[in-house]
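The data block below is upload.cif; it holds mmCIF, C-alpha atoms.
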```
data_data
#
loop_
_atom_site.group_PDB
_atom_site.id
_atom_site.type_symbol
_atom_site.label_atom_id
_atom_site.label_comp_id
_atom_site.auth_asym_id
_atom_site.auth_seq_id
_atom_site.Cartn_x
_atom_site.Cartn_y
_atom_site.Cartn_z
ATOM 1 C CA MET A 1 6.267 31.115 -9.103
ATOM 2 C CA ALA A 2 3.945 29.517 -11.665
ATOM 3 C CA SER A 3 2.346 32.834 -12.607
ATOM 4 C CA ASP A 4 5.422 35.082 -12.472
ATOM 5 C CA PRO A 5 6.766 35.538 -16.042
ATOM 6 C CA GLN A 6 10.302 36.368 -14.847
ATOM 7 C CA SER A 7 10.486 33.258 -12.671
ATOM 8 C CA ILE A 8 9.177 31.099 -15.490
ATOM 9 C CA SER A 9 11.704 32.617 -17.891
ATOM 10 C CA ARG A 10 14.566 31.880 -15.472
ATOM 11 C CA LEU A 11 13.252 28.372 -14.882
ATOM 12 C CA ARG A 12 13.132 27.666 -18.610
ATOM 13 C CA SER A 13 16.609 29.068 -19.257
ATOM 14 C CA VAL A 14 18.427 26.296 -17.374
ATOM 15 C CA ILE A 15 19.764 23.524 -19.615
ATOM 16 C CA THR A 16 20.898 20.068 -18.532
ATOM 17 C CA THR A 17 23.523 19.154 -21.103
ATOM 18 C CA HIS A 18 24.003 15.496 -20.087
ATOM 19 C CA PRO A 19 20.671 14.089 -18.896
ATOM 20 C CA ALA A 20 21.398 10.468 -19.905
ATOM 21 C CA GLU A 21 23.503 9.780 -16.819
ATOM 22 C CA ILE A 22 20.850 11.333 -14.566
ATOM 23 C CA ALA A 23 18.159 9.157 -16.138
ATOM 24 C CA ARG A 24 20.344 6.043 -15.970
ATOM 25 C CA THR A 25 21.438 6.543 -12.344
ATOM 26 C CA ALA A 26 17.973 7.471 -11.031
ATOM 27 C CA THR A 27 16.308 4.595 -12.889
ATOM 28 C CA ILE A 28 18.778 2.006 -11.651
ATOM 29 C CA ALA A 29 18.479 3.318 -8.072
ATOM 30 C CA GLN A 30 14.694 2.866 -8.151
ATOM 31 C CA ALA A 31 15.012 -0.597 -9.691
ATOM 32 C CA GLU A 32 17.528 -1.634 -7.034
ATOM 33 C CA LYS A 33 15.110 -0.546 -4.288
ATOM 34 C CA ALA A 34 12.418 -2.685 -5.890
ATOM 35 C CA ASP A 35 14.837 -5.575 -6.588
ATOM 36 C CA ARG A 36 13.976 -5.297 -10.306
ATOM 37 C CA VAL A 37 17.187 -4.250 -12.054
ATOM 38 C CA ASN A 38 16.818 -7.155 -14.482
ATOM 39 C CA ASP A 39 13.442 -5.800 -15.599
ATOM 40 C CA LEU A 40 14.936 -2.535 -16.919
ATOM 41 C CA LEU A 41 15.387 -1.690 -20.559
ATOM 42 C CA LEU A 42 17.270 1.615 -20.884
ATOM 43 C CA ASP A 43 17.574 3.587 -24.109
ATOM 44 C CA VAL A 44 18.830 7.028 -23.107
ATOM 45 C CA SER A 45 20.641 9.560 -25.272
ATOM 46 C CA ASP A 46 22.512 12.641 -24.137
ATOM 47 C CA VAL A 47 20.395 15.376 -25.657
ATOM 48 C CA PRO A 48 20.335 18.861 -24.111
ATOM 49 C CA LEU A 49 17.271 19.115 -21.929
ATOM 50 C CA PRO A 50 15.644 22.474 -21.091
ATOM 51 C CA MET A 51 15.270 21.740 -17.383
ATOM 52 C CA ALA A 52 17.440 21.835 -14.270
ATOM 53 C CA GLU A 53 19.045 18.524 -13.280
ATOM 54 C CA ASP A 54 17.171 18.329 -9.952
ATOM 55 C CA TYR A 55 13.782 18.758 -11.618
ATOM 56 C CA PHE A 56 14.561 16.186 -14.298
ATOM 57 C CA LYS A 57 15.783 13.723 -11.674
ATOM 58 C CA LYS A 58 12.551 14.207 -9.692
ATOM 59 C CA ILE A 59 10.470 13.389 -12.775
ATOM 60 C CA VAL A 60 12.574 10.311 -13.567
ATOM 61 C CA LEU A 61 12.314 9.035 -9.988
ATOM 62 C CA GLU A 62 8.544 9.545 -9.819
ATOM 63 C CA LEU A 63 7.726 7.970 -13.187
ATOM 64 C CA VAL A 64 10.072 5.004 -12.804
ATOM 65 C CA GLN A 65 8.920 4.367 -9.231
ATOM 66 C CA ASN A 66 5.293 4.253 -10.426
ATOM 67 C CA ALA A 67 6.119 1.903 -13.292
ATOM 68 C CA LEU A 68 7.917 -0.470 -10.943
ATOM 69 C CA LYS A 69 5.220 -0.231 -8.274
ATOM 70 C CA PHE A 70 2.307 -0.906 -10.598
ATOM 71 C CA SER A 71 3.813 -3.742 -12.647
ATOM 72 C CA ASP A 72 4.878 -7.193 -11.539
ATOM 73 C CA ALA A 73 8.441 -8.424 -11.183
ATOM 74 C CA GLY A 74 9.580 -10.060 -14.392
ATOM 75 C CA LEU A 75 7.724 -7.565 -16.591
ATOM 76 C CA SER A 76 9.830 -5.017 -18.451
ATOM 77 C CA VAL A 77 10.027 -1.353 -17.579
ATOM 78 C CA ARG A 78 11.351 0.604 -20.555
ATOM 79 C CA VAL A 79 12.937 4.016 -20.061
ATOM 80 C CA ARG A 80 13.751 6.161 -23.075
ATOM 81 C CA LEU A 81 15.279 9.609 -23.568
ATOM 82 C CA ARG A 82 15.686 10.937 -27.096
ATOM 83 C CA ALA A 83 15.452 13.975 -29.299
ATOM 84 C CA THR A 84 12.782 14.272 -31.944
ATOM 85 C CA ARG A 85 12.603 16.966 -34.591
ATOM 86 C CA GLU A 86 10.533 19.273 -32.367
ATOM 87 C CA ASP A 87 11.253 18.232 -28.792
ATOM 88 C CA VAL A 88 13.073 16.168 -26.211
ATOM 89 C CA GLU A 89 11.090 13.116 -25.206
ATOM 90 C CA PHE A 90 11.427 11.114 -21.990
ATOM 91 C CA SER A 91 9.160 8.101 -21.575
ATOM 92 C CA VAL A 92 8.578 5.260 -19.144
ATOM 93 C CA LYS A 93 6.601 2.234 -20.332
ATOM 94 C CA ASP A 94 5.442 -0.701 -18.256
ATOM 95 C CA ASP A 95 3.268 -3.765 -18.782
ATOM 96 C CA GLY A 96 1.436 -3.349 -15.484
ATOM 97 C CA ARG A 97 -2.227 -2.932 -14.636
ATOM 98 C CA GLY A 98 -2.604 0.403 -16.430
ATOM 99 C CA PHE A 99 -5.034 3.274 -15.950
ATOM 100 C CA SER A 100 -8.600 3.621 -17.102
ATOM 101 C CA THR A 101 -9.565 6.648 -19.202
ATOM 102 C CA GLU A 102 -11.355 8.107 -16.175
ATOM 103 C CA GLN A 103 -8.262 7.716 -13.969
ATOM 104 C CA ILE A 104 -6.065 9.458 -16.545
ATOM 105 C CA SER A 105 -8.470 12.392 -16.696
ATOM 106 C CA ARG A 106 -8.285 12.753 -12.891
ATOM 107 C CA VAL A 107 -4.492 12.930 -12.523
ATOM 108 C CA GLY A 108 -3.968 15.532 -9.854
ATOM 109 C CA ALA A 109 -2.718 16.188 -6.357
ATOM 110 C CA TYR A 110 -3.510 13.546 -3.751
ATOM 111 C CA MET A 111 -5.008 11.219 -6.339
ATOM 112 C CA GLN A 112 -4.409 7.560 -5.594
ATOM 113 C CA PHE A 113 -5.766 4.961 -7.923
ATOM 114 C CA GLU A 114 -7.363 1.845 -6.494
ATOM 115 C CA ARG A 115 -5.838 2.457 -3.063
ATOM 116 C CA ARG A 116 -8.161 -0.009 -1.349
ATOM 117 C CA MET A 117 -7.308 -2.767 -3.795
ATOM 118 C CA GLN A 118 -3.560 -2.220 -3.987
ATOM 119 C CA ASP A 119 -2.637 -0.917 -0.510
ATOM 120 C CA GLU A 120 0.059 1.331 -1.944
ATOM 121 C CA GLN A 121 1.626 3.967 0.300
ATOM 122 C CA GLY A 122 2.101 7.640 -0.456
ATOM 123 C CA PHE A 123 -0.063 10.614 -1.290
ATOM 124 C CA GLY A 124 -0.369 10.073 -5.036
ATOM 125 C CA LEU A 125 1.588 13.224 -5.793
ATOM 126 C CA GLY A 126 4.159 11.764 -8.221
ATOM 127 C CA LEU A 127 2.228 12.240 -11.449
ATOM 128 C CA ALA A 128 0.834 15.608 -10.356
ATOM 129 C CA ILE A 129 4.278 16.947 -9.401
ATOM 130 C CA SER A 130 5.811 15.647 -12.631
ATOM 131 C CA LYS A 131 3.008 17.115 -14.730
ATOM 132 C CA LYS A 132 3.344 20.534 -13.071
ATOM 133 C CA LEU A 133 7.148 20.592 -13.475
ATOM 134 C CA VAL A 134 6.837 19.695 -17.157
ATOM 135 C CA GLU A 135 4.171 22.331 -17.782
ATOM 136 C CA LEU A 136 6.234 25.021 -16.016
ATOM 137 C CA HIS A 137 9.009 24.223 -18.499
ATOM 138 C CA GLY A 138 6.716 24.635 -21.518
ATOM 139 C CA GLY A 139 6.187 20.925 -22.075
ATOM 140 C CA GLU A 140 3.495 18.326 -21.725
ATOM 141 C CA LEU A 141 3.037 15.042 -19.893
ATOM 142 C CA GLN A 142 0.907 12.445 -21.645
ATOM 143 C CA ILE A 143 -0.360 9.112 -20.328
ATOM 144 C CA ASP A 144 -1.254 6.354 -22.783
ATOM 145 C CA SER A 145 -2.746 3.395 -21.000
ATOM 146 C CA SER A 146 -5.265 0.620 -21.003
ATOM 147 C CA ALA A 147 -6.471 -1.034 -17.838
ATOM 148 C CA GLY A 148 -4.818 -4.440 -17.496
ATOM 149 C CA ILE A 149 -2.356 -3.847 -20.333
ATOM 150 C CA GLY A 150 0.112 -1.238 -19.132
ATOM 151 C CA SER A 151 1.048 2.395 -19.395
ATOM 152 C CA THR A 152 3.403 4.733 -21.150
ATOM 153 C CA VAL A 153 4.020 8.114 -19.565
ATOM 154 C CA THR A 154 5.694 10.492 -21.993
ATOM 155 C CA VAL A 155 7.222 13.866 -21.161
ATOM 156 C CA ARG A 156 7.840 16.221 -24.072
ATOM 157 C CA LEU A 157 9.883 19.372 -23.613
ATOM 158 C CA PRO A 158 10.722 21.928 -26.300
ATOM 159 C CA ARG A 159 14.191 21.526 -27.829
ATOM 160 C CA THR A 160 14.705 25.242 -27.817
ATOM 161 C CA VAL A 161 14.165 27.385 -24.783
ATOM 162 C CA GLY A 162 11.863 30.319 -25.206
#
```
Please express the file's structure as structure tokens.
Amino acid sequence: MASDPQSISRLRSVITTHPAEIARTATIAQAEKADRVNDLLLDVSDVPLPMAEDYFKKIVLELVQNALKFSDAGLSVRVRLRATREDVEFSVKDDGRGFSTEQISRVGAYMQFERRMQDEQGFGLGLAISKKLVELHGGELQIDSSAGIGSTVTVRLPRTVG
């Protein structure tokens, strides 16, 4: 699918008109699982998003789950969805342990960071899946982080489909 222009065109033609409720519901569900609802700071706007609801929900779940997993209870996890002049921006910011520059450059399938130290479960696919979904929709996923300080993962998607 990733190399088929017709499939990509169809993929990019789907618009989610009310993504705020998806972001809110998925974020709260993850926080409830982690018993961290009080740590959430939500700032989500209903801006048309050039992505199917299921794909957007998957990205929200993956990014929020990581933020909750890699930050301590009592530290804020901030989730934001807004329109800028050029794009639609979804971001998740935490005050957790963060990534090193080397770890950010190695984001990919089956990558787990500091598995031996943290004993986290899973295959490390969340960031890779999210990054691929965003890129298939003509956007970008950016990680801003400093080890020991926290991370912000930002998804930018074009405001217009094309």
task: Find the residues near Gln30 in chain A: any atom within 12 Å, counting only C-alpha atoms, skip ones fewer than 2 places away on the same chain, and give them as an MDAnalysis selection string.
output: chainID A and resid 23:28 32:37 39:40 57:58 60:69 77
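Distance annotation: of A:Leu81, A:Ile59, A:Leu75, A:Ser13, the residue with the minimal separation from Ile129 in chain A is A:Ile59; atom set is only C-alpha atoms.
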message: Counting only C-alpha atoms, which residue out of A:Arg80, A:His137, A:Lys132, A:Arg159 sits closest to Leu49 in chain A?
response: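 Nearest candidate to Leu49 in chain A out of A:Arg80, A:His137, A:Lys132, A:Arg159: A:Arg159.
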query: What gap, in Å, lies between CA of Leu11 in chain A and CA of Ser151 in chain A?
result: 29.1 Å
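The gap separating CA of Val155 in chain A from CA of Val134 in chain A is 7.1 Å, in Å to one decimal.
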- prompt: So what does the PyMOL selection byres ((chain A and resi 85-91) around 6) actually pick up in this one, as a list in words?
  reply: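 Applied to this file, the PyMOL selection byres ((chain A and resi 85-91) around 6) returns Val79, Arg80, Leu81, Arg82, Ala83, Thr84, Val92, Val153, Thr154, Val155, Arg156, Leu157, Pro158 and Arg159 of chain A.
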query: Expressed in Å to a single decimal, how great is the separation between CA of His18 in chain A and CA of Asp46 in chain A?
result: 5.2 Å
- request: Report the residues retrieved by the PyMOL selection byres ((chain A and resi 146) around 9) from the displayed file, expressed as a list in words.
  value: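 Selected by the PyMOL selection byres ((chain A and resi 146) around 9) in this file: Arg97, Gly98, Phe99, Ser100, Thr101, Asp144, Ser145, Ala147, Gly148, Ile149, Gly150 and Ser151 of chain A.
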Write out as a PDB file with C-alpha atoms, keeping the file's coordinate frame the residues lying within 7 Å of Met51 in chain A, counting all atoms listed in the file and excluding same-chain residues fewer than 4 positions away.
```pdb
ATOM      1  CA  ARG A  12      13.132  27.666 -18.610  1.00  0.00           C
ATOM      2  CA  VAL A  14      18.427  26.296 -17.374  1.00  0.00           C
ATOM      3  CA  ILE A  15      19.764  23.524 -19.615  1.00  0.00           C
ATOM      4  CA  THR A  16      20.898  20.068 -18.532  1.00  0.00           C
ATOM      5  CA  TYR A  55      13.782  18.758 -11.618  1.00  0.00           C
ATOM      6  CA  PHE A  56      14.561  16.186 -14.298  1.00  0.00           C
ATOM      7  CA  HIS A 137       9.009  24.223 -18.499  1.00  0.00           C
TER       8      HIS A 137
END
```
field: Counting only C-alpha atoms, the residue of A:Val44, A:Ala20, A:Ala73, A:Ala52 that sits nearest Leu136 in chain A
entry: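 For Leu136 in chain A, the nearest of the candidates is A:Ala52.
Each of A:Gly126, A:Pro50, A:Gly139, A:Gly74 was checked against Arg10 in chain A using all atoms listed in the file; the smallest atom-to-atom distance is that of A:Pro50.
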message: Just checking: using only C-alpha atoms, which residue out of A:Ser130, A:Thr17, A:Asn38, A:Ser71 ends up closest to Lys93 in chain A?
response: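 Nearest candidate to Lys93 in chain A out of A:Ser130, A:Thr17, A:Asn38, A:Ser71: A:Ser71.
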Expected axis-aligned box over every listed atom of range 131-134 of chain A, 5 Å added per side, centre plus edges in Å to one decimal, as AutoDock Vina command-line options:
```
--center_x 5.1 --center_y 18.9 --center_z -15.1 --size_x 14.1 --size_y 13.5 --size_z 14.1
```
